[in-house]
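Worksheet for the structure shown next.
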Amino acid sequence: MSTRQLPGSGSVVLGRDEDAGICVPDSSVSRRHAVLHLGPPLRIEDLGSSNGTRVRARHCSAATERLIDVGKGTPARGAAVELSPGDVIYLGAARVVLRQKGGERDAGKDVIVKDDAMRAVYELAQRVANGPINILLLGETGAGKEVLAESIHRASPRASRPLLRLSCVALSESLLESELFGHERGAFTGAVRAKPGLLETAEGGTVFLDEIGELPPSIQAKLLRVIEERKVMRVGGLTPIKIDVRFVSATHRDLEAEVSRGAFRQDLYFRLNGVTLSIPPLRERPGEVAALAQLFAERTAKELFPGEASAASVPISPAALAELQRHSWPGNIRELRNVIERAVILANGAPIGPEHLLLSSLADPTRPSHAMPLPARPPQAPPNASAAASASAPGSTIARSVPDGAKSAPDGVDPGPTRLRDAMEAHERERIVQALEQCMGNQTRAAALLGISRRTLVERIRVYGLPRPRKA
């Protein structure tokens, strides 16, 4: 295995030809196989190679990876695929791994371990990383299982080989089988040529199976055979292919309970459970909240304000830190990261205060919500001013507007808890209308102001029958 440093700009040809920018001496590689456009962004384009070019890339933000065909063996200029550090390029049967200089050292700096229980977990992880035994990670969603899996891979003898991340819940059953085990040419309609599975591409490395508890029963049986025999059988194949990988699995489920009710194979559980590491939730690690918040704040600021000196240090006020410490974090580190990213945007370069956090009160109904208050709407004159004046005179009954679909309670009757939902819906509807008005119909900004995602805002607009803002 050889290492080559790429230039800062331009293009580099990859191929078997000795005159190629990067020579890959493999019989499956064409003389001029593909070209790397150094960008930015970094892209690869197939040059009409005989055996094709594929990229194993991280799929969106999910913990899964996919094999992407580039050009499909025909000259397809302009059909380039964007690349990122860590992606693996397959030129025929040869493999090229993209690494960022110093990237692995930087990755370790993002691991915050200050709690005693977490120190014990990471110390045990360091000890078992050197061996070949499979590891099972248990913990709530967003508690940091993937970060721990990456630390195990970096500390293992397989650190120089690929780390394959695969979310068992992100792919359908039929797609999961083809992606995991690959297929032979003609195995099904559209299989115009053989395609290696993801397990093959991780040869010599580590396979991280996230949400293993969601694996369909049919795939459980096939995965068990792979672990036992260290061989994979492609869909439509006749000969098994040997692989050398280590499995690190993670789940938020109680797998022993899943085994008891027949939802998870007991033999597969024993194979995956060589060593179990349980990650405590963030609410049990209060000493790490401040350090994690500062890490996420600085990272977000660098992305939002690149090149600015202020991005190196993002102050978080003591009052905001106190709010963060008091929160129960049902979404764990993932929730904390989202809260801080939103706070950096709302603070817009100023120190982060409690008013920028917009912490959810769902975890604790008695806790007041810290959503950013929306300005009151200016009073509007009623259609009949004289009628309104007489209705608001002393001793008279004041008419209150009721949202569509809500029923007003009879006079003299306390609506009580039965009307609580209507009142909450009316309040939510009013806040959405005010946010949209304040943001001039910009749904992304309105969602950030309300402390919800844009998708949730769009859904609430539909539920309440509000007119969708038109683009200017």
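Ligands are numbered from 1 in the order shown, chains are lettered A, B, ... in the order of the structure tokens, and residues start at 1 in each chain.
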Residues within 12 Å of Leu292 of chain A, please, as number ranges by chain. Count only C-alpha atoms; anything in the same chain fewer than 2 positions from it doesn't count.
A: 109-114, 144, 282, 285-290, 294-299, 316, 321, 324-325, 332-341
Counting only C-alpha atoms, what is within 9 Å of Ile432 of chain A, bar same-chain residues fewer than 4 positions away, as a list in words?
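Returned residues: His427, Glu428, Leu436, Glu437, Ala446, Ala447, Leu450, Leu457, Arg460 and Ile461 of chain A.
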Report, in Å to a single decimal, how far apart atom CA of Leu357 of chain A and atom CA of Leu466 of chain A are.
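Straight-line distance from atom CA of Leu466 of chain A to atom CA of Leu357 of chain A works out to 27.2 Å.
Distances from A:Ser167, A:Ser84, A:Asn51, A:Ser151 to Lys195 of chain A were compared using only C-alpha atoms, and the smallest one belongs to A:Asn51.
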Ile133 of chain A surroundings by only C-alpha atoms, 12 Å radius, close-in-sequence under 3 positions cut, as a count of residues only
22
To test your reading of the structure, identify every residue in segment 4-143 of chain A that backbone DSSP assigns to helix (DSSP H, G or I), and report it as a ChimeraX atom specification.
/A:71-73,103-109,116-129
Just give me the gap between atom CA of Val13 of chain A and atom CA of Asp69 of chain A in Å, one decimal is fine.
17.8 Å
Find the spatial neighbours of Leu138 of chain A, counting only C-alpha atoms, within a cut-off of 9 Å - ignore same-chain residues fewer than 3 positions away - and output them as a ChimeraX atom specification.
/A:145,249-254,276-280
Kindly indicate which residue among A:Thr3, A:Asp210, A:Ile241, A:His153 lies nearest to Gly139 of chain A, using only C-alpha atoms for the distances.
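Closest residue, counting only C-alpha atoms: A:Asp210.
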Within 12 Å of Gly21 of chain A using only C-alpha atoms, minus same-chain residues under 5 positions, as a PyMOL selection string
chain A and resi 4-7+10-16+31-37
Using C-alpha atoms, can you export the residues from the last selection as a tab-separated table (two decimals), in the first residue's frame?
```
chain	number	residue	atom	x	y	z
A	4	ARG	CA	0.41	9.92	-2.40
A	5	GLN	CA	-0.25	13.54	-1.51
A	6	LEU	CA	-2.64	15.35	-3.85
A	7	PRO	CA	-1.90	18.84	-5.15
A	10	GLY	CA	-6.29	21.12	-10.74
A	11	SER	CA	-7.00	17.57	-11.89
A	12	VAL	CA	-5.22	14.24	-11.47
A	13	VAL	CA	-5.67	11.21	-13.74
A	14	LEU	CA	-5.82	7.77	-12.09
A	15	GLY	CA	-4.92	4.73	-14.17
A	16	ARG	CA	-2.56	1.87	-14.98
A	31	ARG	CA	-4.74	2.89	-18.59
A	32	ARG	CA	-6.65	6.13	-18.07
A	33	HIS	CA	-9.37	5.02	-15.71
A	34	ALA	CA	-10.72	8.14	-13.94
A	35	VAL	CA	-9.87	11.74	-13.17
A	36	LEU	CA	-9.94	13.52	-9.82
A	37	HIS	CA	-11.08	17.14	-9.99
```
Report as a PyMOL selection string: the residues of segment 2-236 of chain A with a DSSP assignment of strand (DSSP E), based on the backbone of this structure.
chain A and resi 11-15+22-23+34-37+43-46+53-58+65-70+81-82+88-91+94-97+135-138+163-167+182-183+195-196+206-210+231-232
Grab the atom CA of Gly465 of chain A to atom CA of Val433 of chain A distance for me, in Å with one decimal place.
11.2 Å
For each of A:Glu146, A:Glu258, A:Asp267, A:Glu200, take the minimum atom-to-atom distance to Pro162 of chain A, counting only C-alpha atoms, then give the residue where this is smallest.
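For Pro162 of chain A, the nearest of the candidates is A:Glu200.
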Give me the segment 163-220 of chain A side of the contact with segment 229-233 of chain A, cut-off 8 Å, one line per residue showing its nearest atom pair and distance in Å at one decimal, counting only C-alpha atoms, sorted by chain and residue number, as a tab-separated table.
```
residue	atom	partner	partner_atom	distance
A:Phe181	CA	A:Val232	CA	6.2
A:Gly182	CA	A:Met233	CA	8.0
A:Leu199	CA	A:Val232	CA	7.8
A:Glu200	CA	A:Val232	CA	7.8
```
Just to be explicit: take each residue in the selection above, keep all heavy atoms, and write the result as a PDB file, in the first residue's frame.
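Just written: result.pdb:
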```
ATOM      1  N   PHE A 181     -24.338  -7.633   0.816  1.00  0.00           N
ATOM      2  CA  PHE A 181     -23.682  -8.813   0.258  1.00  0.00           C
ATOM      3  C   PHE A 181     -23.305  -8.665  -1.209  1.00  0.00           C
ATOM      4  O   PHE A 181     -22.572  -9.495  -1.742  1.00  0.00           O
ATOM      5  CB  PHE A 181     -24.588 -10.038   0.443  1.00  0.00           C
ATOM      6  CG  PHE A 181     -25.046 -10.224   1.859  1.00  0.00           C
ATOM      7  CD1 PHE A 181     -26.385 -10.110   2.198  1.00  0.00           C
ATOM      8  CD2 PHE A 181     -24.132 -10.487   2.869  1.00  0.00           C
ATOM      9  CE1 PHE A 181     -26.808 -10.264   3.507  1.00  0.00           C
ATOM     10  CE2 PHE A 181     -24.546 -10.644   4.184  1.00  0.00           C
ATOM     11  CZ  PHE A 181     -25.884 -10.530   4.505  1.00  0.00           C
ATOM     12  N   GLY A 182     -23.795  -7.627  -1.893  1.00  0.00           N
ATOM     13  CA  GLY A 182     -23.487  -7.450  -3.305  1.00  0.00           C
ATOM     14  C   GLY A 182     -24.302  -8.377  -4.189  1.00  0.00           C
ATOM     15  O   GLY A 182     -25.131  -9.165  -3.713  1.00  0.00           O
ATOM     16  N   LEU A 199     -19.792  -5.252   2.738  1.00  0.00           N
ATOM     17  CA  LEU A 199     -18.938  -6.039   3.616  1.00  0.00           C
ATOM     18  C   LEU A 199     -17.619  -6.381   2.932  1.00  0.00           C
ATOM     19  O   LEU A 199     -16.575  -6.437   3.594  1.00  0.00           O
ATOM     20  CB  LEU A 199     -19.665  -7.312   4.063  1.00  0.00           C
ATOM     21  CG  LEU A 199     -20.896  -7.109   4.949  1.00  0.00           C
ATOM     22  CD1 LEU A 199     -21.513  -8.450   5.315  1.00  0.00           C
ATOM     23  CD2 LEU A 199     -20.543  -6.332   6.209  1.00  0.00           C
ATOM     24  N   GLU A 200     -17.652  -6.590   1.626  1.00  0.00           N
ATOM     25  CA  GLU A 200     -16.415  -6.846   0.885  1.00  0.00           C
ATOM     26  C   GLU A 200     -15.525  -5.609   0.870  1.00  0.00           C
ATOM     27  O   GLU A 200     -14.293  -5.705   0.978  1.00  0.00           O
ATOM     28  CB  GLU A 200     -16.727  -7.267  -0.550  1.00  0.00           C
ATOM     29  CG  GLU A 200     -17.347  -8.641  -0.706  1.00  0.00           C
ATOM     30  CD  GLU A 200     -17.590  -8.963  -2.167  1.00  0.00           C
ATOM     31  OE1 GLU A 200     -16.630  -8.915  -2.963  1.00  0.00           O
ATOM     32  OE2 GLU A 200     -18.760  -9.235  -2.528  1.00  0.00           O
TER      33      GLU A 200
END
```
